[in-house]
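Here is the structure we will look at.
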Amino acid sequence: MTNIVVAVKYVPDATADRTFDSSDNTVDRENVDGLLSELDEYAVEQALKVVEEGDGEVTVLTVGPDDAADAVRKALQMGADKGVHVNDEAIAGSDAFATSLVLAKALEKLEYDFVFFGMASTDGGMGVVPTLVAERLGLPAVTLGGEITVDGETVTIKRDGDVATQEIQGTGKLVVSVTDQTGEARYPSFKGIMAAKKKPVEEWDLSDLGVDASDVGLDAAWTKVASTEPRPPRTAGEIITDEGDGGSKLVEFLASKKFV
């Protein structure tokens, strides 16, 4: 029996206009729709495939505000068995280091053989949380797998580089991250959507994990956004009428920008 925990994140919709909160320069998550990070859907998909080939359970773990429950719900609709939502106001503004602390403490309360992550979050895009969590748990990290196979206690990934493809194996409890090359994630079926309503979701706060509020949040962050300004609106640009010399004018323009 293989038990996999998939860490997922609730992120602002990348297709929406994303802004910063003027009060603390953190990402504004109140005035934009959110969803399960697309890159985390690949991790959910791979975990489901592993379990479907044998026997086991997939638990979805997220850290975030009330609305982050939507990310858990989407994963349950895809086929995950149960969820855990760590929700505490003190976590707001946490950086990757504090987030990894909360995830690691939550994982210490769960039973698992493997922990799956997406390659990065679509809002922060750092990609360091899987290895930070692995370090805190004292586990090996097998990351950025474009292909993944699981045979008993052995995980094998293939990682494509610029000039070569690496094949990496790990055995025993592992932290694994997968890329968007592992295959399309499934869409929730109507049956899956209805079944998700009956699946258990636990909600924990920092006291449940034994984490001090002073170790998380914006005040504990190693980095902060000093200032922000909106991107200037796009202009119509320069329009040149081709009167037989359009090619020459194009070359002149490219040369002025040092493109040629």
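Each chain in the structure tokens gets a letter, A, B and so on, in the order shown; residues start at 1 in every chain, and ligands are counted from 1 in the order they appear.
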
Which of region 164-198 of chain A DSSP labels strand (DSSP E or B), written as a ChimeraX atom specification: /A:165-171,174-178

Those same residues - all heavy atoms - I'd like them written as a PDB file, in the first residue's frame.
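Output file part25.pdb is given in full below:
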```
ATOM      1  N   THR A 165      19.835  13.926 -20.829  1.00  0.00           N
ATOM      2  CA  THR A 165      18.717  13.514 -19.985  1.00  0.00           C
ATOM      3  C   THR A 165      19.261  12.710 -18.817  1.00  0.00           C
ATOM      4  O   THR A 165      19.997  11.732 -19.010  1.00  0.00           O
ATOM      5  CB  THR A 165      17.706  12.669 -20.767  1.00  0.00           C
ATOM      6  OG1 THR A 165      17.125  13.453 -21.807  1.00  0.00           O
ATOM      7  CG2 THR A 165      16.586  12.180 -19.843  1.00  0.00           C
ATOM      8  N   GLN A 166      18.928  13.133 -17.606  1.00  0.00           N
ATOM      9  CA  GLN A 166      19.388  12.439 -16.412  1.00  0.00           C
ATOM     10  C   GLN A 166      18.308  11.473 -15.931  1.00  0.00           C
ATOM     11  O   GLN A 166      17.120  11.780 -15.981  1.00  0.00           O
ATOM     12  CB  GLN A 166      19.693  13.438 -15.293  1.00  0.00           C
ATOM     13  CG  GLN A 166      20.776  14.447 -15.606  1.00  0.00           C
ATOM     14  CD  GLN A 166      20.914  15.476 -14.516  1.00  0.00           C
ATOM     15  OE1 GLN A 166      19.934  15.911 -13.922  1.00  0.00           O
ATOM     16  NE2 GLN A 166      22.134  15.868 -14.220  1.00  0.00           N
ATOM     17  N   GLU A 167      18.730  10.316 -15.463  1.00  0.00           N
ATOM     18  CA  GLU A 167      17.819   9.370 -14.813  1.00  0.00           C
ATOM     19  C   GLU A 167      18.251   9.246 -13.369  1.00  0.00           C
ATOM     20  O   GLU A 167      19.407   8.903 -13.088  1.00  0.00           O
ATOM     21  CB  GLU A 167      17.851   8.012 -15.505  1.00  0.00           C
ATOM     22  CG  GLU A 167      16.837   7.035 -14.914  1.00  0.00           C
ATOM     23  CD  GLU A 167      16.739   5.735 -15.700  1.00  0.00           C
ATOM     24  OE1 GLU A 167      16.156   5.760 -16.799  1.00  0.00           O
ATOM     25  OE2 GLU A 167      17.271   4.723 -15.205  1.00  0.00           O
ATOM     26  N   ILE A 168      17.347   9.539 -12.460  1.00  0.00           N
ATOM     27  CA  ILE A 168      17.675   9.604 -11.034  1.00  0.00           C
ATOM     28  C   ILE A 168      16.724   8.696 -10.270  1.00  0.00           C
ATOM     29  O   ILE A 168      15.518   8.689 -10.519  1.00  0.00           O
ATOM     30  CB  ILE A 168      17.552  11.050 -10.510  1.00  0.00           C
ATOM     31  CG1 ILE A 168      18.442  11.989 -11.332  1.00  0.00           C
ATOM     32  CG2 ILE A 168      17.934  11.116  -9.033  1.00  0.00           C
ATOM     33  CD1 ILE A 168      18.168  13.442 -11.069  1.00  0.00           C
ATOM     34  N   GLN A 169      17.282   7.916  -9.341  1.00  0.00           N
ATOM     35  CA  GLN A 169      16.484   7.014  -8.527  1.00  0.00           C
ATOM     36  C   GLN A 169      16.644   7.343  -7.050  1.00  0.00           C
ATOM     37  O   GLN A 169      17.687   7.814  -6.617  1.00  0.00           O
ATOM     38  CB  GLN A 169      16.893   5.556  -8.754  1.00  0.00           C
ATOM     39  CG  GLN A 169      16.430   4.964 -10.066  1.00  0.00           C
ATOM     40  CD  GLN A 169      16.690   3.469 -10.136  1.00  0.00           C
ATOM     41  OE1 GLN A 169      17.504   2.949  -9.375  1.00  0.00           O
ATOM     42  NE2 GLN A 169      16.000   2.785 -11.029  1.00  0.00           N
ATOM     43  N   GLY A 170      15.591   7.085  -6.326  1.00  0.00           N
ATOM     44  CA  GLY A 170      15.630   7.215  -4.879  1.00  0.00           C
ATOM     45  C   GLY A 170      14.798   6.110  -4.262  1.00  0.00           C
ATOM     46  O   GLY A 170      13.822   5.646  -4.864  1.00  0.00           O
ATOM     47  N   THR A 171      15.176   5.672  -3.071  1.00  0.00           N
ATOM     48  CA  THR A 171      14.485   4.571  -2.404  1.00  0.00           C
ATOM     49  C   THR A 171      14.099   4.977  -0.991  1.00  0.00           C
ATOM     50  O   THR A 171      14.848   5.671  -0.305  1.00  0.00           O
ATOM     51  CB  THR A 171      15.375   3.315  -2.354  1.00  0.00           C
ATOM     52  OG1 THR A 171      15.759   2.964  -3.679  1.00  0.00           O
ATOM     53  CG2 THR A 171      14.629   2.150  -1.732  1.00  0.00           C
ATOM     54  N   LEU A 174      10.593   9.681   0.316  1.00  0.00           N
ATOM     55  CA  LEU A 174      11.190  10.662  -0.576  1.00  0.00           C
ATOM     56  C   LEU A 174      10.283  11.869  -0.743  1.00  0.00           C
ATOM     57  O   LEU A 174       9.056  11.776  -0.607  1.00  0.00           O
ATOM     58  CB  LEU A 174      11.411  10.056  -1.977  1.00  0.00           C
ATOM     59  CG  LEU A 174      12.400   8.915  -2.148  1.00  0.00           C
ATOM     60  CD1 LEU A 174      12.255   8.341  -3.544  1.00  0.00           C
ATOM     61  CD2 LEU A 174      13.816   9.405  -1.926  1.00  0.00           C
ATOM     62  N   VAL A 175      10.904  12.992  -1.083  1.00  0.00           N
ATOM     63  CA  VAL A 175      10.187  14.168  -1.576  1.00  0.00           C
ATOM     64  C   VAL A 175      10.438  14.235  -3.078  1.00  0.00           C
ATOM     65  O   VAL A 175      11.585  14.168  -3.526  1.00  0.00           O
ATOM     66  CB  VAL A 175      10.674  15.456  -0.891  1.00  0.00           C
ATOM     67  CG1 VAL A 175      10.035  16.682  -1.554  1.00  0.00           C
ATOM     68  CG2 VAL A 175      10.326  15.428   0.598  1.00  0.00           C
ATOM     69  N   VAL A 176       9.380  14.330  -3.844  1.00  0.00           N
ATOM     70  CA  VAL A 176       9.464  14.294  -5.300  1.00  0.00           C
ATOM     71  C   VAL A 176       8.765  15.525  -5.867  1.00  0.00           C
ATOM     72  O   VAL A 176       7.680  15.902  -5.411  1.00  0.00           O
ATOM     73  CB  VAL A 176       8.780  13.026  -5.859  1.00  0.00           C
ATOM     74  CG1 VAL A 176       8.891  12.979  -7.378  1.00  0.00           C
ATOM     75  CG2 VAL A 176       9.369  11.772  -5.231  1.00  0.00           C
ATOM     76  N   SER A 177       9.385  16.170  -6.862  1.00  0.00           N
ATOM     77  CA  SER A 177       8.680  17.222  -7.586  1.00  0.00           C
ATOM     78  C   SER A 177       8.664  16.879  -9.069  1.00  0.00           C
ATOM     79  O   SER A 177       9.603  16.285  -9.591  1.00  0.00           O
ATOM     80  CB  SER A 177       9.314  18.601  -7.359  1.00  0.00           C
ATOM     81  OG  SER A 177      10.538  18.738  -8.052  1.00  0.00           O
ATOM     82  N   VAL A 178       7.566  17.219  -9.731  1.00  0.00           N
ATOM     83  CA  VAL A 178       7.379  16.874 -11.142  1.00  0.00           C
ATOM     84  C   VAL A 178       7.135  18.142 -11.945  1.00  0.00           C
ATOM     85  O   VAL A 178       6.616  19.145 -11.437  1.00  0.00           O
ATOM     86  CB  VAL A 178       6.211  15.890 -11.328  1.00  0.00           C
ATOM     87  CG1 VAL A 178       6.444  14.626 -10.508  1.00  0.00           C
ATOM     88  CG2 VAL A 178       4.875  16.529 -10.933  1.00  0.00           C
TER      89      VAL A 178
END
```

Contacts of region 117-172 of chain A with region 21-36 of chain A up to 12 Å, shortest pair per row, only C-alpha atoms, as JSON lines:
```
{"residue": "A:Gly118", "atom": "CA", "partner": "A:Leu36", "partner_atom": "CA", "distance": 11.1}
{"residue": "A:Ser121", "atom": "CA", "partner": "A:Leu36", "partner_atom": "CA", "distance": 9.7}
{"residue": "A:Thr122", "atom": "CA", "partner": "A:Leu36", "partner_atom": "CA", "distance": 9.6}
{"residue": "A:Asp123", "atom": "CA", "partner": "A:Val27", "partner_atom": "CA", "distance": 8.7}
{"residue": "A:Gly124", "atom": "CA", "partner": "A:Val27", "partner_atom": "CA", "distance": 9.6}
```

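If you look at CA of Asp215 (chain A) and CA of Thr143 (chain A), they are 26.4 Å away from each other.
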
Residue among A:Thr179, A:Thr154, A:Ser100, A:Ser189 lying closest to Asp40 (chain A), counting only C-alpha atoms: A:Thr179

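Taking CA of Val58 (chain A) and CA of Asp81 (chain A) as the two end points, the separation is 5.4 Å.
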
Neighbour list for Thr62 (chain A) as a VMD selection string, cut-off 12 Å, only C-alpha atoms, skip fewer than 2 positions in-chain: chain A and resid 5 to 11 36 to 37 40 59 to 60 64 to 75 82 to 88 99 to 100 102 to 104 106 to 107 117 201 to 205

Residues near Leu139 (chain A), cut-off 10 Å, only C-alpha atoms, skip fewer than 4 positions along chain, as a list in words: Phe114, Thr131, Val133, Ala134, Glu135, Gly172, Lys173, Leu174 and Val175 of chain A

Might you pull out every residue within 12 Å of Thr182 (chain A), with only C-alpha atoms counted and same-chain residues fewer than 3 positions away left off, and present them as a PDB file with all heavy atoms, in the first residue's frame?
```
ATOM      1  N   LEU A  39       0.509  24.004 -12.004  1.00  0.00           N
ATOM      2  CA  LEU A  39       1.679  23.141 -11.902  1.00  0.00           C
ATOM      3  C   LEU A  39       1.513  22.071 -10.825  1.00  0.00           C
ATOM      4  O   LEU A  39       2.122  21.001 -10.908  1.00  0.00           O
ATOM      5  CB  LEU A  39       2.926  23.981 -11.629  1.00  0.00           C
ATOM      6  CG  LEU A  39       3.343  24.924 -12.767  1.00  0.00           C
ATOM      7  CD1 LEU A  39       4.518  25.789 -12.340  1.00  0.00           C
ATOM      8  CD2 LEU A  39       3.695  24.130 -14.024  1.00  0.00           C
ATOM      9  N   ASP A  40       0.680  22.347  -9.827  1.00  0.00           N
ATOM     10  CA  ASP A  40       0.413  21.344  -8.794  1.00  0.00           C
ATOM     11  C   ASP A  40      -0.555  20.274  -9.286  1.00  0.00           C
ATOM     12  O   ASP A  40      -0.579  19.159  -8.748  1.00  0.00           O
ATOM     13  CB  ASP A  40      -0.142  22.005  -7.533  1.00  0.00           C
ATOM     14  CG  ASP A  40       0.896  22.846  -6.810  1.00  0.00           C
ATOM     15  OD1 ASP A  40       2.101  22.636  -7.057  1.00  0.00           O
ATOM     16  OD2 ASP A  40       0.505  23.718  -6.016  1.00  0.00           O
ATOM     17  N   GLU A  41      -1.350  20.590 -10.300  1.00  0.00           N
ATOM     18  CA  GLU A  41      -2.257  19.585 -10.859  1.00  0.00           C
ATOM     19  C   GLU A  41      -1.475  18.408 -11.427  1.00  0.00           C
ATOM     20  O   GLU A  41      -1.924  17.262 -11.374  1.00  0.00           O
ATOM     21  CB  GLU A  41      -3.136  20.205 -11.951  1.00  0.00           C
ATOM     22  CG  GLU A  41      -4.168  21.177 -11.427  1.00  0.00           C
ATOM     23  CD  GLU A  41      -5.112  21.654 -12.522  1.00  0.00           C
ATOM     24  OE1 GLU A  41      -5.121  21.024 -13.607  1.00  0.00           O
ATOM     25  OE2 GLU A  41      -5.845  22.626 -12.288  1.00  0.00           O
ATOM     26  N   TYR A  42      -0.286  18.680 -11.977  1.00  0.00           N
ATOM     27  CA  TYR A  42       0.543  17.594 -12.513  1.00  0.00           C
ATOM     28  C   TYR A  42       0.994  16.660 -11.394  1.00  0.00           C
ATOM     29  O   TYR A  42       1.068  15.432 -11.581  1.00  0.00           O
ATOM     30  CB  TYR A  42       1.756  18.167 -13.244  1.00  0.00           C
ATOM     31  CG  TYR A  42       1.399  18.956 -14.479  1.00  0.00           C
ATOM     32  CD1 TYR A  42       1.301  20.347 -14.441  1.00  0.00           C
ATOM     33  CD2 TYR A  42       1.150  18.314 -15.685  1.00  0.00           C
ATOM     34  CE1 TYR A  42       0.972  21.079 -15.572  1.00  0.00           C
ATOM     35  CE2 TYR A  42       0.816  19.035 -16.826  1.00  0.00           C
ATOM     36  CZ  TYR A  42       0.733  20.414 -16.760  1.00  0.00           C
ATOM     37  OH  TYR A  42       0.391  21.144 -17.881  1.00  0.00           O
ATOM     38  N   ALA A  43       1.302  17.219 -10.237  1.00  0.00           N
ATOM     39  CA  ALA A  43       1.712  16.393  -9.098  1.00  0.00           C
ATOM     40  C   ALA A  43       0.549  15.540  -8.610  1.00  0.00           C
ATOM     41  O   ALA A  43       0.720  14.361  -8.276  1.00  0.00           O
ATOM     42  CB  ALA A  43       2.235  17.285  -7.965  1.00  0.00           C
ATOM     43  N   VAL A  44      -0.648  16.126  -8.550  1.00  0.00           N
ATOM     44  CA  VAL A  44      -1.832  15.358  -8.162  1.00  0.00           C
ATOM     45  C   VAL A  44      -2.056  14.219  -9.145  1.00  0.00           C
ATOM     46  O   VAL A  44      -2.323  13.070  -8.755  1.00  0.00           O
ATOM     47  CB  VAL A  44      -3.075  16.267  -8.093  1.00  0.00           C
ATOM     48  CG1 VAL A  44      -4.329  15.438  -7.811  1.00  0.00           C
ATOM     49  CG2 VAL A  44      -2.909  17.344  -7.025  1.00  0.00           C
ATOM     50  N   GLU A  45      -1.947  14.520 -10.434  1.00  0.00           N
ATOM     51  CA  GLU A  45      -2.157  13.504 -11.459  1.00  0.00           C
ATOM     52  C   GLU A  45      -1.186  12.341 -11.310  1.00  0.00           C
ATOM     53  O   GLU A  45      -1.584  11.167 -11.373  1.00  0.00           O
ATOM     54  CB  GLU A  45      -2.008  14.135 -12.849  1.00  0.00           C
ATOM     55  CG  GLU A  45      -2.116  13.156 -14.012  1.00  0.00           C
ATOM     56  CD  GLU A  45      -3.483  12.523 -14.142  1.00  0.00           C
ATOM     57  OE1 GLU A  45      -4.475  13.138 -13.680  1.00  0.00           O
ATOM     58  OE2 GLU A  45      -3.573  11.422 -14.712  1.00  0.00           O
ATOM     59  N   GLN A  46       0.089  12.639 -11.107  1.00  0.00           N
ATOM     60  CA  GLN A  46       1.077  11.573 -10.989  1.00  0.00           C
ATOM     61  C   GLN A  46       0.852  10.736  -9.737  1.00  0.00           C
ATOM     62  O   GLN A  46       1.027   9.515  -9.755  1.00  0.00           O
ATOM     63  CB  GLN A  46       2.491  12.162 -10.998  1.00  0.00           C
ATOM     64  CG  GLN A  46       2.893  12.803 -12.308  1.00  0.00           C
ATOM     65  CD  GLN A  46       2.694  11.865 -13.492  1.00  0.00           C
ATOM     66  OE1 GLN A  46       3.192  10.741 -13.487  1.00  0.00           O
ATOM     67  NE2 GLN A  46       1.954  12.312 -14.493  1.00  0.00           N
ATOM     68  N   ALA A  47       0.448  11.366  -8.647  1.00  0.00           N
ATOM     69  CA  ALA A  47       0.149  10.624  -7.422  1.00  0.00           C
ATOM     70  C   ALA A  47      -1.037   9.694  -7.638  1.00  0.00           C
ATOM     71  O   ALA A  47      -1.025   8.532  -7.198  1.00  0.00           O
ATOM     72  CB  ALA A  47      -0.134  11.594  -6.277  1.00  0.00           C
ATOM     73  N   LYS A  49      -2.012   8.363 -10.443  1.00  0.00           N
ATOM     74  CA  LYS A  49      -1.610   7.261 -11.316  1.00  0.00           C
ATOM     75  C   LYS A  49      -0.851   6.190 -10.538  1.00  0.00           C
ATOM     76  O   LYS A  49      -1.044   4.991 -10.762  1.00  0.00           O
ATOM     77  CB  LYS A  49      -0.737   7.790 -12.452  1.00  0.00           C
ATOM     78  CG  LYS A  49      -1.517   8.518 -13.543  1.00  0.00           C
ATOM     79  CD  LYS A  49      -0.597   8.931 -14.679  1.00  0.00           C
ATOM     80  CE  LYS A  49      -1.397   9.555 -15.821  1.00  0.00           C
ATOM     81  NZ  LYS A  49      -0.508   9.976 -16.935  1.00  0.00           N
ATOM     82  N   GLY A 118       4.487  20.048  -7.174  1.00  0.00           N
ATOM     83  CA  GLY A 118       4.691  20.575  -8.507  1.00  0.00           C
ATOM     84  C   GLY A 118       6.065  21.217  -8.566  1.00  0.00           C
ATOM     85  O   GLY A 118       6.744  21.377  -7.546  1.00  0.00           O
ATOM     86  N   MET A 119       6.505  21.593  -9.754  1.00  0.00           N
ATOM     87  CA  MET A 119       7.870  22.121  -9.913  1.00  0.00           C
ATOM     88  C   MET A 119       8.029  23.513  -9.301  1.00  0.00           C
ATOM     89  O   MET A 119       9.137  23.908  -8.932  1.00  0.00           O
ATOM     90  CB  MET A 119       8.239  22.177 -11.399  1.00  0.00           C
ATOM     91  CG  MET A 119       7.361  23.080 -12.236  1.00  0.00           C
ATOM     92  SD  MET A 119       7.722  22.955 -14.002  1.00  0.00           S
ATOM     93  CE  MET A 119       9.355  23.711 -14.059  1.00  0.00           C
ATOM     94  N   LEU A 144      12.164  17.818 -10.100  1.00  0.00           N
ATOM     95  CA  LEU A 144      12.045  18.250 -11.491  1.00  0.00           C
ATOM     96  C   LEU A 144      11.995  17.070 -12.462  1.00  0.00           C
ATOM     97  O   LEU A 144      12.651  17.056 -13.500  1.00  0.00           O
ATOM     98  CB  LEU A 144      13.184  19.200 -11.863  1.00  0.00           C
ATOM     99  CG  LEU A 144      13.283  20.479 -11.021  1.00  0.00           C
ATOM    100  CD1 LEU A 144      14.483  21.297 -11.452  1.00  0.00           C
ATOM    101  CD2 LEU A 144      11.995  21.283 -11.113  1.00  0.00           C
ATOM    102  N   GLY A 145      11.157  16.087 -12.133  1.00  0.00           N
ATOM    103  CA  GLY A 145      11.005  14.929 -12.996  1.00  0.00           C
ATOM    104  C   GLY A 145      10.060  15.209 -14.153  1.00  0.00           C
ATOM    105  O   GLY A 145       8.918  15.610 -13.941  1.00  0.00           O
ATOM    106  N   GLY A 146      10.535  15.004 -15.364  1.00  0.00           N
ATOM    107  CA  GLY A 146       9.678  15.119 -16.533  1.00  0.00           C
ATOM    108  C   GLY A 146       8.934  13.835 -16.808  1.00  0.00           C
ATOM    109  O   GLY A 146       7.878  13.825 -17.452  1.00  0.00           O
ATOM    110  N   GLU A 147       9.490  12.722 -16.323  1.00  0.00           N
ATOM    111  CA  GLU A 147       8.837  11.415 -16.326  1.00  0.00           C
ATOM    112  C   GLU A 147       9.060  10.815 -14.951  1.00  0.00           C
ATOM    113  O   GLU A 147      10.106  11.022 -14.333  1.00  0.00           O
ATOM    114  CB  GLU A 147       9.424  10.484 -17.394  1.00  0.00           C
ATOM    115  CG  GLU A 147       9.181  10.923 -18.819  1.00  0.00           C
ATOM    116  CD  GLU A 147       9.760   9.921 -19.811  1.00  0.00           C
ATOM    117  OE1 GLU A 147       9.926   8.732 -19.427  1.00  0.00           O
ATOM    118  OE2 GLU A 147      10.047  10.314 -20.946  1.00  0.00           O
ATOM    119  N   ILE A 148       8.092  10.047 -14.479  1.00  0.00           N
ATOM    120  CA  ILE A 148       8.227   9.459 -13.151  1.00  0.00           C
ATOM    121  C   ILE A 148       7.614   8.072 -13.142  1.00  0.00           C
ATOM    122  O   ILE A 148       6.532   7.857 -13.689  1.00  0.00           O
ATOM    123  CB  ILE A 148       7.576  10.348 -12.066  1.00  0.00           C
ATOM    124  CG1 ILE A 148       7.630   9.669 -10.692  1.00  0.00           C
ATOM    125  CG2 ILE A 148       6.148  10.706 -12.428  1.00  0.00           C
ATOM    126  CD1 ILE A 148       7.162  10.548  -9.548  1.00  0.00           C
ATOM    127  N   THR A 149       8.324   7.129 -12.550  1.00  0.00           N
ATOM    128  CA  THR A 149       7.803   5.782 -12.338  1.00  0.00           C
ATOM    129  C   THR A 149       8.088   5.391 -10.899  1.00  0.00           C
ATOM    130  O   THR A 149       9.108   5.772 -10.324  1.00  0.00           O
ATOM    131  CB  THR A 149       8.454   4.752 -13.286  1.00  0.00           C
ATOM    132  OG1 THR A 149       9.874   4.769 -13.106  1.00  0.00           O
ATOM    133  CG2 THR A 149       8.114   5.053 -14.728  1.00  0.00           C
ATOM    134  N   ILE A 157      13.008   9.063 -11.826  1.00  0.00           N
ATOM    135  CA  ILE A 157      12.582  10.196 -12.650  1.00  0.00           C
ATOM    136  C   ILE A 157      13.567  10.389 -13.791  1.00  0.00           C
ATOM    137  O   ILE A 157      14.728   9.985 -13.703  1.00  0.00           O
ATOM    138  CB  ILE A 157      12.471  11.514 -11.850  1.00  0.00           C
ATOM    139  CG1 ILE A 157      13.861  11.999 -11.406  1.00  0.00           C
ATOM    140  CG2 ILE A 157      11.536  11.384 -10.672  1.00  0.00           C
ATOM    141  CD1 ILE A 157      13.886  13.460 -10.963  1.00  0.00           C
ATOM    142  N   LYS A 158      13.078  10.972 -14.857  1.00  0.00           N
ATOM    143  CA  LYS A 158      13.932  11.428 -15.940  1.00  0.00           C
ATOM    144  C   LYS A 158      13.841  12.942 -15.996  1.00  0.00           C
ATOM    145  O   LYS A 158      12.753  13.506 -15.977  1.00  0.00           O
ATOM    146  CB  LYS A 158      13.511  10.813 -17.272  1.00  0.00           C
ATOM    147  CG  LYS A 158      13.838   9.337 -17.393  1.00  0.00           C
ATOM    148  CD  LYS A 158      13.539   8.799 -18.783  1.00  0.00           C
ATOM    149  CE  LYS A 158      13.929   7.323 -18.890  1.00  0.00           C
ATOM    150  NZ  LYS A 158      13.636   6.787 -20.249  1.00  0.00           N
ATOM    151  N   ARG A 159      15.001  13.564 -16.027  1.00  0.00           N
ATOM    152  CA  ARG A 159      15.077  15.029 -16.022  1.00  0.00           C
ATOM    153  C   ARG A 159      15.822  15.472 -17.276  1.00  0.00           C
ATOM    154  O   ARG A 159      16.991  15.152 -17.479  1.00  0.00           O
ATOM    155  CB  ARG A 159      15.802  15.508 -14.767  1.00  0.00           C
ATOM    156  CG  ARG A 159      15.909  17.012 -14.640  1.00  0.00           C
ATOM    157  CD  ARG A 159      16.870  17.384 -13.528  1.00  0.00           C
ATOM    158  NE  ARG A 159      16.417  16.929 -12.233  1.00  0.00           N
ATOM    159  CZ  ARG A 159      17.220  16.781 -11.173  1.00  0.00           C
ATOM    160  NH1 ARG A 159      18.518  17.010 -11.297  1.00  0.00           N
ATOM    161  NH2 ARG A 159      16.734  16.384 -10.017  1.00  0.00           N
ATOM    162  N   ASP A 160      15.116  16.205 -18.127  1.00  0.00           N
ATOM    163  CA  ASP A 160      15.712  16.663 -19.379  1.00  0.00           C
ATOM    164  C   ASP A 160      16.493  17.946 -19.168  1.00  0.00           C
ATOM    165  O   ASP A 160      15.957  18.940 -18.663  1.00  0.00           O
ATOM    166  CB  ASP A 160      14.625  16.901 -20.441  1.00  0.00           C
ATOM    167  CG  ASP A 160      14.003  15.591 -20.908  1.00  0.00           C
ATOM    168  OD1 ASP A 160      14.731  14.585 -20.946  1.00  0.00           O
ATOM    169  OD2 ASP A 160      12.802  15.585 -21.243  1.00  0.00           O
ATOM    170  N   SER A 177       9.385  16.170  -6.862  1.00  0.00           N
ATOM    171  CA  SER A 177       8.680  17.222  -7.586  1.00  0.00           C
ATOM    172  C   SER A 177       8.664  16.879  -9.069  1.00  0.00           C
ATOM    173  O   SER A 177       9.603  16.285  -9.591  1.00  0.00           O
ATOM    174  CB  SER A 177       9.314  18.601  -7.359  1.00  0.00           C
ATOM    175  OG  SER A 177      10.538  18.738  -8.052  1.00  0.00           O
ATOM    176  N   VAL A 178       7.566  17.219  -9.731  1.00  0.00           N
ATOM    177  CA  VAL A 178       7.379  16.874 -11.142  1.00  0.00           C
ATOM    178  C   VAL A 178       7.135  18.142 -11.945  1.00  0.00           C
ATOM    179  O   VAL A 178       6.616  19.145 -11.437  1.00  0.00           O
ATOM    180  CB  VAL A 178       6.211  15.890 -11.328  1.00  0.00           C
ATOM    181  CG1 VAL A 178       6.444  14.626 -10.508  1.00  0.00           C
ATOM    182  CG2 VAL A 178       4.875  16.529 -10.933  1.00  0.00           C
ATOM    183  N   THR A 179       7.482  18.081 -13.217  1.00  0.00           N
ATOM    184  CA  THR A 179       7.304  19.231 -14.097  1.00  0.00           C
ATOM    185  C   THR A 179       6.009  19.103 -14.884  1.00  0.00           C
ATOM    186  O   THR A 179       5.275  18.109 -14.769  1.00  0.00           O
ATOM    187  CB  THR A 179       8.484  19.356 -15.076  1.00  0.00           C
ATOM    188  OG1 THR A 179       8.375  18.316 -16.065  1.00  0.00           O
ATOM    189  CG2 THR A 179       9.814  19.244 -14.359  1.00  0.00           C
ATOM    190  N   ALA A 185      -3.015  16.757 -16.730  1.00  0.00           N
ATOM    191  CA  ALA A 185      -3.816  16.374 -15.566  1.00  0.00           C
ATOM    192  C   ALA A 185      -5.258  16.152 -15.993  1.00  0.00           C
ATOM    193  O   ALA A 185      -5.770  16.821 -16.886  1.00  0.00           O
ATOM    194  CB  ALA A 185      -3.737  17.458 -14.492  1.00  0.00           C
TER     195      ALA A 185
END
```

Distance in Å - CA of Lys249 (chain A) versus CA of Gly237 (chain A): 14.6 Å

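Considering only C-alpha atoms, the residue among A:Asp95, A:Gln181, A:Lys191, A:Asp242 positioned nearest to Gly125 (chain A) is A:Asp95.
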
Those of region 63-186 of chain A in DSSP helix (DSSP H, G or I), formatted as number ranges by chain: A: 66-78, 89-91, 96-107, 129-137

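Of the listed residues (A:Ile91, A:Leu61, A:Ala164, A:Val251), A:Leu61 comes nearest to Lys109 (chain A); the distances count only C-alpha atoms.
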
Residue neighbourhood Ser214 (chain A), 9 Å, only C-alpha atoms, exclusion window fewer than 5 positions, as a count of residues only: 3
